[in-house]
Amino acid sequence: MNATATPRSTAGTRPGPPLVVRDVDGPREMADCVALYGRVMGLRPGDGSLNPRLLTALQDNSGLVVGAYLGEELVGFTYSFLARELGTDGQGPRLYQYSQLAVVAHERQGLGIGRLLKLGQRERCLAEGTTLIRWAYDPMQTRNAHFNLDVLGAVVDALKPAMYGASGFGAATGESTDRFIVSWHLDAPARPAASAPGAPPDGWSVGRVYDDGDDRIVVLPDDWLRLRAESGPEHAARLRGRLTSTFARLLDDRTAVSCVRLPDGLAAYRFIPRAAAPGTFPRP
């Protein structure tokens, strides 16, 4: 797979080289991925990381390591491995790619490179006959949520509290590693874009659940790191706990399909009845 695209450029800059999304090739390029991951995640010496041998082994055994290159410069990459979902009702197991991470260099974020990487990953999966990709993300990171749900068209399947333990690393040190598990159905029709909910008469309240027809709306801060810095880690931990409990309850019979920004530094998840949640693929 070797796809060429032109990422969005910042105003007033000259067009740069085209961005090429392709398989990462060889030990040196694998090492570049490891170094980029460490820089983007702000890893400390004891946090642990990837290594080129692991990425090579994954790629050689049904996993995918896909990079985004501007000329010779690696500006982002994603990797995934083949996983199996046990069948139900007499059906055999279903294979999918589990995407462990996707990172884009700090100075290149906001230019659409992440989306091009995910589309490259999608192309590689479909070429091999895989029609489902799953991954995990922090539900409090609403920009990431909007990209996953509204841009790509994934849906939230489940919540795993403290998936990686009681504390993250890098910028998330001290934060519980709660994660939404999302499914991206690559062969399903696109769903209409979700609209922003109308504000209630008394305004939005963080953590409260609102009815919007059959849907449920949950409001949270749109910048979790800022909330944590301004309100302190103890307040953020209590709010995270409340929101996590609310999400878990709603996911009993619903799935999240959207996360949009609201005025006044807020964002809103939309949960719809699980039976009404179609799989989707990214809009062109």
# chains A, B, ... in the order shown; residues from 1 in each chain; ligands from 1
$ select_by_dssp --residues "range 14-253 of chain A" --states "alpha helix (DSSP H)" --output "NGL selection string"
:A and (26-41 or 52-60 or 113-127 or 142-146 or 224-231 or 233-250)
$ select_by_dssp --residues "range 40-230 of chain A" --states "strand (DSSP E or B)" --output "PyMOL selection string"
chain A and resi 64-70+73-85+94-104+132-137+155-160+168+173+179-185+209-212+215-221
$ closest_atom_pairs --of "range 220-245 of chain A" --to "range 134-150 of chain A" --cutoff "9 Å" --atoms "only C-alpha atoms" --output "JSON lines"
{"residue": "A:Leu220", "atom": "CA", "partner": "A:Met140", "partner_atom": "CA", "distance": 7.7}
{"residue": "A:Pro221", "atom": "CA", "partner": "A:Met140", "partner_atom": "CA", "distance": 7.9}
{"residue": "A:Asp222", "atom": "CA", "partner": "A:Thr142", "partner_atom": "CA", "distance": 5.7}
{"residue": "A:Asp223", "atom": "CA", "partner": "A:Gln141", "partner_atom": "CA", "distance": 7.1}
{"residue": "A:Trp224", "atom": "CA", "partner": "A:Met140", "partner_atom": "CA", "distance": 6.1}
{"residue": "A:Leu225", "atom": "CA", "partner": "A:Gln141", "partner_atom": "CA", "distance": 8.6}
{"residue": "A:Arg240", "atom": "CA", "partner": "A:Met140", "partner_atom": "CA", "distance": 7.8}
{"residue": "A:Leu243", "atom": "CA", "partner": "A:Met140", "partner_atom": "CA", "distance": 8.8}
{"residue": "A:Thr244", "atom": "CA", "partner": "A:Pro139", "partner_atom": "CA", "distance": 8.4}
$ atom_distance --atom1 "CA of Thr56 in chain A" --atom2 "CA of Val24 in chain A"
9.2 Å
$ closest_residue --among "A:Ala31, A:Ala276, A:Val257, A:Leu43" --to "Gly153 in chain A" --atoms "only C-alpha atoms"
A:Val257
$ closest_residue --among "A:Tyr210, A:Arg254, A:Tyr98, A:Thr131" --to "Ile181 in chain A" --atoms "only C-alpha atoms"
A:Tyr98
$ residues_around --residues "Leu64 in chain A" --least-positions-apart "2" --cutoff "6 Å" --atoms "only C-alpha atoms" --output "PyMOL selection string"
chain A and resi 59+79-80
$ residues_around --residues "Lys118 in chain A" --least-positions-apart "4" --cutoff "10 Å" --atoms "only C-alpha atoms" --output "VMD selection string"
chain A and resid 21 66 77 to 78 99 102 113 to 114 122 to 124 133 148 152 282
$ write_last_selection --atoms "N, CA and C atoms" --output "CSV table (one decimal), in the first residue's frame"
chain,number,residue,atom,x,y,z
A,21,VAL,N,1.3,7.9,2.5
A,21,VAL,CA,0.9,7.0,3.5
A,21,VAL,C,1.2,5.6,3.0
A,66,VAL,N,1.7,1.4,9.7
A,66,VAL,CA,1.5,2.3,8.6
A,66,VAL,C,2.0,3.7,9.0
A,77,PHE,N,2.3,7.8,12.6
A,77,PHE,CA,2.2,6.4,12.2
A,77,PHE,C,1.1,5.8,13.1
A,78,THR,N,0.7,4.6,12.7
A,78,THR,CA,-0.3,3.8,13.5
A,78,THR,C,0.1,2.4,13.3
A,99,SER,N,-6.3,-1.6,16.7
A,99,SER,CA,-5.4,-0.5,16.5
A,99,SER,C,-4.9,0.0,17.9
A,102,ALA,N,-2.2,5.6,17.4
A,102,ALA,CA,-1.9,6.4,16.2
A,102,ALA,C,-1.4,7.8,16.8
A,113,ILE,N,-3.5,14.9,9.0
A,113,ILE,CA,-2.7,13.8,8.8
A,113,ILE,C,-3.2,12.6,9.5
A,114,GLY,N,-3.8,12.7,10.7
A,114,GLY,CA,-4.4,11.6,11.5
A,114,GLY,C,-5.5,10.9,10.7
A,122,ARG,N,-7.4,1.8,6.9
A,122,ARG,CA,-8.6,1.2,6.4
A,122,ARG,C,-8.4,0.5,5.1
A,123,GLU,N,-7.6,1.2,4.2
A,123,GLU,CA,-7.3,0.6,2.9
A,123,GLU,C,-6.6,-0.7,3.0
A,124,ARG,N,-5.6,-0.8,3.9
A,124,ARG,CA,-4.8,-2.0,4.1
A,124,ARG,C,-5.7,-3.1,4.6
A,133,ILE,N,-12.2,-2.6,12.4
A,133,ILE,CA,-11.0,-2.1,13.2
A,133,ILE,C,-11.6,-1.6,14.6
A,148,ASN,N,-13.0,10.3,16.2
A,148,ASN,CA,-13.3,8.9,16.1
A,148,ASN,C,-14.8,8.6,15.7
A,152,LEU,N,-14.6,9.8,11.5
A,152,LEU,CA,-14.4,8.5,11.0
A,152,LEU,C,-15.7,7.7,10.9
A,282,PRO,N,-15.8,6.1,6.9
A,282,PRO,CA,-15.6,7.5,6.9
A,282,PRO,C,-16.2,8.2,5.6
$ atom_distance --atom1 "CA of Trp204 in chain A" --atom2 "CA of Val260 in chain A"
13.6 Å
